[in-house]
>>> print(open('final.cif').read())   # mmCIF, C-alpha atoms
data_protein
loop_
_atom_site.label_atom_id
_atom_site.label_comp_id
_atom_site.auth_asym_id
_atom_site.auth_seq_id
_atom_site.Cartn_x
_atom_site.Cartn_y
_atom_site.Cartn_z
CA MET A 2 96.76 12.38 233.16
CA LEU A 3 98.99 15.27 234.37
CA ALA A 4 96.91 17.76 232.36
CA ARG A 5 93.76 16.61 234.18
CA ALA A 6 95.41 16.58 237.61
CA PHE A 7 97.06 19.97 237.12
CA PRO A 8 94.14 22.25 238.16
CA ILE A 9 93.68 20.12 241.29
CA LEU A 10 97.40 20.36 242.10
CA VAL A 11 97.33 24.14 241.66
CA THR A 12 94.27 24.50 243.92
CA VAL A 13 95.80 22.29 246.62
CA ALA A 14 99.15 24.15 246.44
CA ILE A 15 97.47 27.57 246.78
CA ALA A 16 95.29 26.33 249.66
CA CYS A 17 98.31 24.84 251.46
CA PHE A 18 100.38 27.99 250.93
CA GLY A 19 97.50 30.04 252.35
CA ALA A 20 96.97 27.74 255.34
CA ALA A 21 100.67 27.42 256.27
CA PRO A 22 100.98 30.81 258.10
CA PHE A 23 98.04 29.91 260.36
CA LEU A 24 99.60 26.55 261.30
CA ILE A 25 102.97 28.21 261.88
CA GLY A 26 101.32 30.86 264.03
CA ALA A 27 99.64 28.18 266.15
CA ALA A 28 102.88 26.16 266.60
CA PRO A 29 104.61 26.53 270.01
CA TYR A 30 107.46 28.99 270.49
CA GLU A 31 110.99 27.61 270.62
CA SER A 32 112.32 28.25 274.15
CA THR A 33 115.65 29.97 273.39
CA MET A 34 115.03 31.77 270.09
CA GLY A 35 111.37 32.71 270.49
CA LEU A 36 109.44 34.21 267.59
CA VAL A 37 112.32 34.38 265.09
CA GLN A 38 112.53 30.57 265.02
CA LYS A 39 109.26 30.63 263.02
CA ILE A 40 111.34 31.51 259.93
CA PHE A 41 112.51 27.89 260.15
CA TYR A 42 109.12 26.63 258.86
CA PHE A 43 109.74 28.21 255.45
CA HIS A 44 113.56 28.32 255.49
CA ALA A 45 114.21 24.58 255.93
CA PRO A 46 111.49 23.43 253.45
CA SER A 47 112.93 25.91 250.90
CA GLY A 48 116.30 24.24 251.43
CA MET A 49 114.75 20.81 250.94
CA THR A 50 113.08 22.04 247.74
CA MET A 51 116.37 23.51 246.54
CA PHE A 52 117.98 20.08 247.01
CA ALA A 53 115.05 18.41 245.21
CA GLY A 54 115.39 20.90 242.35
CA ALA A 55 119.13 20.30 242.11
CA CYS A 56 118.59 16.52 242.00
CA VAL A 57 115.86 16.78 239.34
CA ALA A 58 118.07 19.14 237.30
CA GLY A 59 121.07 16.80 237.66
CA CYS A 60 119.16 13.63 236.73
CA ALA A 61 117.42 15.29 233.76
CA SER A 62 120.77 16.73 232.63
CA ALA A 63 122.38 13.28 232.82
CA ALA A 64 119.48 11.87 230.77
CA TYR A 65 119.94 14.64 228.21
CA LEU A 66 123.71 14.16 228.00
CA PHE A 67 123.50 10.39 227.54
CA THR A 68 120.31 10.06 225.45
CA GLY A 69 120.06 13.48 223.78
CA LYS A 70 116.30 13.67 224.44
CA ALA A 71 114.95 17.22 224.13
CA SER A 72 112.27 16.51 226.76
CA ALA A 73 114.99 15.80 229.35
CA ASP A 74 116.67 19.11 228.48
CA ARG A 75 113.39 20.96 228.98
CA ILE A 76 112.92 19.39 232.43
CA ALA A 77 116.53 20.25 233.32
CA ALA A 78 116.09 23.88 232.24
CA ALA A 79 112.93 24.19 234.34
CA ALA A 80 114.47 22.53 237.41
CA VAL A 81 117.58 24.74 237.23
CA GLU A 82 115.41 27.86 237.28
CA LEU A 83 113.46 26.56 240.28
CA THR A 84 116.66 25.61 242.13
CA VAL A 85 117.83 29.20 241.73
CA LEU A 86 114.45 30.49 242.98
CA PHE A 87 114.30 28.29 246.10
CA GLY A 88 118.03 28.74 246.71
CA ALA A 89 117.50 32.51 246.71
CA ILE A 90 114.71 32.07 249.28
CA VAL A 91 117.05 29.99 251.50
CA LEU A 92 119.86 32.55 251.19
CA MET A 93 117.54 35.47 251.93
CA THR A 94 115.68 34.01 254.90
CA GLY A 95 118.73 32.41 256.56
CA PRO A 96 120.55 35.68 257.37
CA LEU A 97 117.33 37.20 258.77
CA TRP A 98 117.09 34.31 261.22
CA GLY A 99 120.86 34.24 261.84
CA ARG A 100 121.02 37.95 262.71
CA LYS A 101 118.71 37.39 265.66
CA ALA A 102 119.86 33.90 266.67
CA TRP A 103 123.65 34.22 266.14
CA GLY A 104 124.11 38.00 266.16
CA VAL A 105 125.54 38.06 262.62
CA TRP A 106 123.97 38.22 259.17
CA TRP A 107 126.47 35.86 257.59
CA GLN A 108 129.27 33.52 258.65
CA TRP A 109 131.74 31.95 256.21
CA ASP A 110 131.24 28.47 257.65
CA ALA A 111 130.91 25.17 255.82
CA ARG A 112 127.10 25.04 255.47
CA LEU A 113 126.53 28.65 254.50
CA THR A 114 129.45 28.81 252.08
CA SER A 115 128.65 25.49 250.40
CA SER A 116 124.98 26.49 250.02
CA LEU A 117 126.06 29.76 248.39
CA LEU A 118 128.39 27.84 246.05
CA LEU A 119 125.61 25.40 245.11
CA TRP A 120 123.29 28.30 244.31
CA MET A 121 126.01 30.05 242.29
CA MET A 122 126.58 26.89 240.25
CA PHE A 123 122.93 26.87 239.23
CA VAL A 124 123.01 30.60 238.49
CA ALA A 125 126.02 29.86 236.25
CA CYS A 126 123.95 27.14 234.59
CA LEU A 127 121.18 29.66 233.83
CA LEU A 128 123.69 32.16 232.45
CA VAL A 129 125.30 29.52 230.23
CA ARG A 130 121.88 28.62 228.82
CA LYS A 131 120.98 32.24 228.17
CA TYR A 132 124.25 33.59 226.79
CA GLY A 133 126.24 30.49 225.84
CA GLY A 134 125.16 30.37 222.20
CA PRO A 135 124.96 27.13 220.17
CA GLY A 136 125.77 23.99 222.16
CA SER A 137 125.21 25.73 225.49
CA ALA A 138 122.51 23.21 226.51
CA LYS A 139 125.12 20.43 226.84
CA LEU A 140 127.51 22.67 228.75
CA ALA A 141 124.68 23.75 231.08
CA ALA A 142 123.73 20.08 231.58
CA ALA A 143 127.30 19.29 232.66
CA VAL A 144 127.28 22.19 235.14
CA ALA A 145 123.92 21.01 236.55
CA LEU A 146 125.34 17.51 236.96
CA PHE A 147 128.20 18.89 239.06
CA GLY A 148 125.66 20.97 240.97
CA MET A 149 123.75 17.83 241.89
CA ALA A 150 126.98 16.13 243.01
CA ASN A 151 127.41 19.03 245.46
CA VAL A 152 124.08 18.34 247.25
CA PRO A 153 125.28 15.54 249.61
CA PHE A 154 128.27 17.65 250.67
CA VAL A 155 126.05 20.61 251.51
CA TYR A 156 123.69 18.32 253.45
CA ILE A 157 126.34 16.61 255.59
CA SER A 158 128.52 19.73 256.00
CA VAL A 159 126.87 20.57 259.34
CA ASN A 160 127.71 17.13 260.74
CA VAL A 161 131.30 16.98 259.46
CA TRP A 162 132.60 20.51 260.12
CA ARG A 163 132.08 22.85 263.05
CA THR A 164 129.49 25.39 261.97
CA VAL A 165 127.09 27.82 263.59
CA HIS A 166 124.24 26.28 261.60
CA PRO A 167 122.04 23.67 263.39
CA LYS A 168 122.79 20.02 262.58
CA THR A 169 120.59 17.70 260.50
CA THR A 170 119.34 16.11 263.72
CA VAL A 171 117.16 19.17 264.39
CA VAL A 172 114.27 18.01 262.22
CA PRO A 173 113.90 14.48 263.70
CA SER A 174 114.11 15.93 267.23
CA LEU A 175 111.35 18.53 266.72
CA GLY A 176 108.64 18.68 269.40
CA ALA A 177 105.18 17.27 268.67
CA GLY A 178 103.64 20.72 268.20
CA MET A 179 106.31 21.78 265.71
CA ARG A 180 106.60 18.56 263.72
CA GLY A 181 103.13 18.81 262.12
CA PRO A 182 103.48 22.41 260.80
CA PHE A 183 107.04 21.69 259.63
CA TRP A 184 106.12 18.65 257.53
CA PHE A 185 103.01 20.45 256.26
CA CYS A 186 105.25 23.30 255.03
CA ALA A 187 107.72 20.83 253.53
CA ALA A 188 104.90 19.09 251.62
CA THR A 189 103.54 22.50 250.52
CA PHE A 190 106.90 23.59 249.13
CA LEU A 191 107.42 20.31 247.29
CA LEU A 192 103.91 20.58 245.83
CA LEU A 193 104.60 24.17 244.78
CA PHE A 194 107.84 22.96 243.18
CA LEU A 195 105.96 20.30 241.19
CA VAL A 196 103.32 22.78 240.02
CA LEU A 197 105.91 25.38 238.96
CA LEU A 198 108.00 22.66 237.30
CA ALA A 199 105.00 21.52 235.25
CA VAL A 200 104.19 25.11 234.22
CA ARG A 201 107.82 25.86 233.31
CA VAL A 202 108.17 22.62 231.30
CA ARG A 203 104.99 23.54 229.40
CA LEU A 204 106.53 26.94 228.62
CA ALA A 205 109.69 25.24 227.35
CA GLU A 206 107.55 22.98 225.14
CA GLN A 207 105.79 25.99 223.66
CA GLN A 208 109.13 27.73 223.04
CA SER A 209 110.37 24.61 221.26
CA GLU A 210 107.19 24.48 219.16
CA LEU A 211 107.71 28.14 218.29
CA GLU A 212 111.26 27.43 217.11
CA THR A 213 110.07 24.51 214.95
CA LEU A 214 107.33 26.61 213.36
CA SER A 215 109.76 29.48 212.73
CA LEU A 216 112.14 27.12 210.93
CA GLU A 217 109.24 25.66 208.97
CA LEU A 218 108.18 29.13 207.89
CA ALA A 219 111.73 30.09 206.93
CA ASP A 220 112.09 26.93 204.81
CA ARG A 221 108.89 27.60 202.86
CA PRO A 222 109.54 28.71 199.28
CA ALA A 223 108.69 32.34 198.71
CA THR A 224 105.49 32.77 196.60
CA MET B 161 182.60 52.30 250.06
CA ARG B 162 182.73 50.45 246.74
CA PHE B 163 181.21 47.37 248.35
CA LEU B 164 177.98 49.36 248.87
CA LYS B 165 177.52 49.49 245.10
CA ILE B 166 177.05 45.72 244.86
CA ILE B 167 174.07 45.82 247.28
CA PRO B 168 170.81 46.39 245.38
CA THR B 169 169.08 49.69 246.10
CA PRO B 170 165.79 48.09 247.41
CA VAL B 171 167.78 46.18 250.04
CA VAL B 172 169.50 49.39 251.18
CA LEU B 173 166.12 51.15 251.40
CA LEU B 174 164.62 48.25 253.39
CA VAL B 175 167.49 48.30 255.89
CA LEU B 176 167.18 52.07 256.30
CA TRP B 177 163.40 51.80 256.77
CA MET B 178 163.81 49.09 259.44
CA GLY B 179 166.45 51.21 261.17
CA ALA B 180 164.04 54.14 261.27
CA LEU B 181 161.28 51.94 262.71
CA ALA B 182 163.41 50.51 265.52
CA PRO B 183 163.30 53.58 267.84
CA MET B 184 159.52 53.85 267.32
CA GLN B 185 159.13 50.19 268.28
CA ALA B 186 161.25 50.70 271.38
CA ALA B 187 159.17 53.72 272.41
CA GLN B 188 155.98 51.62 272.53
CA PRO B 189 154.96 50.52 276.03
CA ASP B 190 155.19 46.83 276.89
CA PRO B 191 151.63 45.34 276.86
CA ALA B 192 152.53 43.00 279.74
CA SER B 193 153.30 45.96 282.00
CA GLN B 194 149.94 47.66 281.23
CA PRO B 195 147.24 47.41 283.92
CA ARG B 196 144.56 44.95 282.75
CA THR B 197 140.90 46.01 282.76
CA ALA B 198 138.26 43.29 282.82
CA PRO B 199 136.14 43.06 279.61
CA PRO B 200 132.40 43.61 279.98
CA ALA B 201 130.43 40.56 281.16
CA ALA B 202 128.77 40.11 277.77
CA GLN B 203 132.18 39.51 276.14
CA ASN B 204 133.58 36.80 278.36
CA GLU B 205 130.57 34.82 279.53
CA TYR B 206 127.24 33.56 278.24
CA VAL B 207 124.39 36.00 278.71
CA PRO B 208 120.87 34.76 277.91
CA LEU B 209 119.09 36.79 275.24
CA SER B 210 116.27 37.67 277.63
CA GLU B 211 118.74 39.25 280.10
CA LEU B 212 120.30 41.63 277.60
CA PRO B 213 119.53 45.34 278.06
CA PRO B 214 116.60 46.49 275.85
CA ASP B 215 118.85 48.59 273.57
CA GLU B 216 120.91 45.48 272.69
CA GLN B 217 117.88 43.28 271.92
CA LEU B 218 116.88 42.95 268.27
CA PRO B 219 113.11 42.80 267.67
CA ALA B 220 112.12 39.51 265.99
CA VAL B 221 108.80 40.67 264.50
CA PRO B 222 110.26 42.75 261.61
CA LEU B 223 112.72 39.96 260.73
CA VAL B 224 109.95 37.34 260.61
CA PHE B 225 107.69 39.59 258.54
CA ILE B 226 110.52 40.49 256.12
CA ALA B 227 111.40 36.78 255.73
CA TYR B 228 107.83 35.71 254.95
CA GLY B 229 107.28 38.77 252.75
CA LEU B 230 110.39 37.96 250.71
CA ILE B 231 109.27 34.36 250.19
CA TRP B 232 105.81 35.37 248.96
CA LEU B 233 107.32 38.12 246.79
CA ALA B 234 109.91 35.79 245.23
CA VAL B 235 107.28 33.18 244.33
CA LEU B 236 104.87 35.84 243.06
CA VAL B 237 107.53 37.52 240.88
CA TYR B 238 108.52 34.14 239.42
CA VAL B 239 104.90 33.23 238.64
CA ILE B 240 104.41 36.63 236.95
CA THR B 241 107.55 36.16 234.82
CA ILE B 242 106.38 32.70 233.71
CA TRP B 243 102.92 34.05 232.93
CA ARG B 244 104.39 36.93 230.87
CA ARG B 245 106.76 34.64 228.99
CA GLN B 246 103.93 32.18 228.34
CA SER B 247 101.56 34.84 226.97
CA ALA B 248 104.32 36.24 224.73
CA VAL B 249 105.09 32.76 223.33
CA ALA B 250 101.37 32.00 222.86
CA LYS B 251 100.92 35.26 220.93
CA GLU B 252 103.91 34.51 218.67
CA LEU B 253 102.69 30.95 218.11
CA GLU B 254 99.29 32.25 217.03
CA ILE B 255 100.89 34.67 214.53
CA LEU B 256 103.16 31.94 213.10
CA LYS B 257 100.30 29.46 212.76
CA ARG B 258 98.25 32.10 210.92
CA GLN B 259 101.17 32.80 208.57
CA LEU B 260 101.66 29.10 207.88
CA ARG B 261 97.95 28.63 207.09
CA SER B 262 97.91 31.52 204.61
#
>>> encode(input="final.cif", output="structure tokens")
Amino acid sequence: MLARAFPILVTVAIACFGAAPFLIGAAPYESTMGLVQKIFYFHAPSGMTMFAGACVAGCASAAYLFTGKASADRIAAAAVELTVLFGAIVLMTGPLWGRKAWGVWWQWDARLTSSLLLWMMFVACLLVRKYGGPGSAKLAAAVALFGMANVPFVYISVNVWRTVHPKTTVVPSLGAGMRGPFWFCAATFLLLFLVLLAVRVRLAEQQSELETLSLELADRPAT
Amino acid sequence: MRFLKIIPTPVVLLVLWMGALAPMQAAQPDPASQPRTAPPAAQNEYVPLSELPPDEQLPAVPLVFIAYGLIWLAVLVYVITIWRRQSAVAKELEILKRQLRS
């Protein structure tokens, strides 16, 4: 089913990613920030995708820890990588917007710092998987689980603490001309996440198959 | 002067250092007596971005282009790394399968 739908998903994702700049260009200018506010259309959806990635990684890690299923570990590994990718996009585009809107590249406030910590947790997860040696998959799963637990705190940080970052009420209060492009971009990023997740899981399956075949070959009696 | 021997040397040095600093502190002018100059308007009141002098305004176009460029680049680099890893694994799988068949 997924194998048949995959080429369609890829085509739709590429088409959406190509169409997004035109929709963003046609969206009205925000009155106080002007042109630089257009970064928002990719920055916020990247953040949403980072949260989605963290949740997928956390849930798959929990499934792997409690059931020991290799398929859950493969999904977790793929989702962790994508969380790092979309988190990097958030952390790169945010300061570019902030420099113009706030006058500073970075501020050690609750939202920015907690987002950086969340991203660093998933980077740690990747490093544990790569260099942790035997048993590192379980350790990485535990780190990813804690990473997922961090997501609600990052999300509500703007409402609880005083920060320079806009509150979560910004998205529901968007004007009619901005709402359409924003949700289109959000859907595009989530679709892109699904496509990349499927590709990365397939790669993990092939790597696992390679390991099995290598062991099989090593176990064969020498002729 | 024997009582001086029971005081640790660092304490003696600290007291001497503070004694040396005291005249310097006294020589400094009292900030309250200094005439106050008003800070520039941009430091003590809200100035809309559009009213800032041109040399203080940051152009938005390069920032927007850099942001979008970075996003496309990040996704592209990731897709390339997956593609390279996948082709390397596929090649190794093919070799292993051939070895197992023979």
>>> atom_distance(input="final.cif", atom1="atom CA of Met49 of chain A", atom2="atom CA of Gly133 of chain A")
29.3 Å
>>> residues_around(input="final.cif", residues="Gln108 of chain A", least_positions_apart="2", cutoff="12 Å", atoms="only C-alpha atoms", output="list in words")
Gly95, Pro96, Gly99, Arg100, Trp103, Gly104, Val105, Trp106, Asp110, Ala111, Arg112, Leu113, Thr114, Ser115, Ser116, Leu117, Arg163, Thr164, Val165 and His166 of chain A
>>> resolve_selection(input="final.cif", expression="the PyMOL selection byres ((chain A and resi 47) around 7)", output="count of residues only")
12
>>> resolve_selection(input="final.cif", expression="the PyMOL selection byres ((chain A) within 6 of (chain B))", output="list in words")
Val37, Ile90, Thr94, Leu97, Leu204 and Leu211 of chain A
>>> residues_around(input="final.cif", residues="segment 119-123 of chain A", least_positions_apart="4", cutoff="7 Å", atoms="all atoms listed in the file", output="PyMOL selection string")
chain A and resi 81+85+88+115+127+144-145+148+151
>>> decode(input="final.cif", residues="segment 106-119 of chain A", atoms="N, CA and C atoms", output="PDB file, in the first residue's frame")
ATOM      1  N   TRP A 106      20.613  38.597  17.105  1.00  0.00           N
ATOM      2  CA  TRP A 106      20.594  37.278  16.457  1.00  0.00           C
ATOM      3  C   TRP A 106      20.016  36.225  17.393  1.00  0.00           C
ATOM      4  N   TRP A 107      20.343  36.353  18.664  1.00  0.00           N
ATOM      5  CA  TRP A 107      19.981  35.297  19.628  1.00  0.00           C
ATOM      6  C   TRP A 107      19.681  35.921  20.977  1.00  0.00           C
ATOM      7  N   GLN A 108      18.774  35.351  21.711  1.00  0.00           N
ATOM      8  CA  GLN A 108      18.439  35.798  23.057  1.00  0.00           C
ATOM      9  C   GLN A 108      18.296  34.536  23.909  1.00  0.00           C
ATOM     10  N   TRP A 109      18.930  34.537  25.096  1.00  0.00           N
ATOM     11  CA  TRP A 109      18.847  33.316  25.930  1.00  0.00           C
ATOM     12  C   TRP A 109      17.532  33.316  26.701  1.00  0.00           C
ATOM     13  N   ASP A 110      16.427  33.321  25.994  1.00  0.00           N
ATOM     14  CA  ASP A 110      15.121  33.280  26.667  1.00  0.00           C
ATOM     15  C   ASP A 110      14.564  31.855  26.650  1.00  0.00           C
ATOM     16  N   ALA A 111      13.400  31.686  27.280  1.00  0.00           N
ATOM     17  CA  ALA A 111      12.891  30.328  27.507  1.00  0.00           C
ATOM     18  C   ALA A 111      12.672  29.545  26.208  1.00  0.00           C
ATOM     19  N   ARG A 112      12.034  30.170  25.203  1.00  0.00           N
ATOM     20  CA  ARG A 112      11.708  29.423  23.981  1.00  0.00           C
ATOM     21  C   ARG A 112      12.968  29.057  23.197  1.00  0.00           C
ATOM     22  N   LEU A 113      13.829  30.026  23.015  1.00  0.00           N
ATOM     23  CA  LEU A 113      15.023  29.792  22.191  1.00  0.00           C
ATOM     24  C   LEU A 113      15.952  28.781  22.863  1.00  0.00           C
ATOM     25  N   THR A 114      16.138  28.954  24.165  1.00  0.00           N
ATOM     26  CA  THR A 114      17.049  28.046  24.880  1.00  0.00           C
ATOM     27  C   THR A 114      16.482  26.628  24.934  1.00  0.00           C
ATOM     28  N   SER A 115      15.181  26.505  25.213  1.00  0.00           N
ATOM     29  CA  SER A 115      14.597  25.158  25.299  1.00  0.00           C
ATOM     30  C   SER A 115      14.586  24.473  23.931  1.00  0.00           C
ATOM     31  N   SER A 116      14.399  25.252  22.864  1.00  0.00           N
ATOM     32  CA  SER A 116      14.446  24.664  21.510  1.00  0.00           C
ATOM     33  C   SER A 116      15.850  24.149  21.214  1.00  0.00           C
ATOM     34  N   LEU A 117      16.852  24.946  21.596  1.00  0.00           N
ATOM     35  CA  LEU A 117      18.246  24.532  21.382  1.00  0.00           C
ATOM     36  C   LEU A 117      18.544  23.251  22.168  1.00  0.00           C
ATOM     37  N   LEU A 118      18.035  23.188  23.414  1.00  0.00           N
ATOM     38  CA  LEU A 118      18.272  21.999  24.245  1.00  0.00           C
ATOM     39  C   LEU A 118      17.605  20.762  23.638  1.00  0.00           C
ATOM     40  N   LEU A 119      16.372  20.960  23.127  1.00  0.00           N
ATOM     41  CA  LEU A 119      15.652  19.843  22.492  1.00  0.00           C
ATOM     42  C   LEU A 119      16.460  19.313  21.304  1.00  0.00           C
TER      43      LEU A 119
END
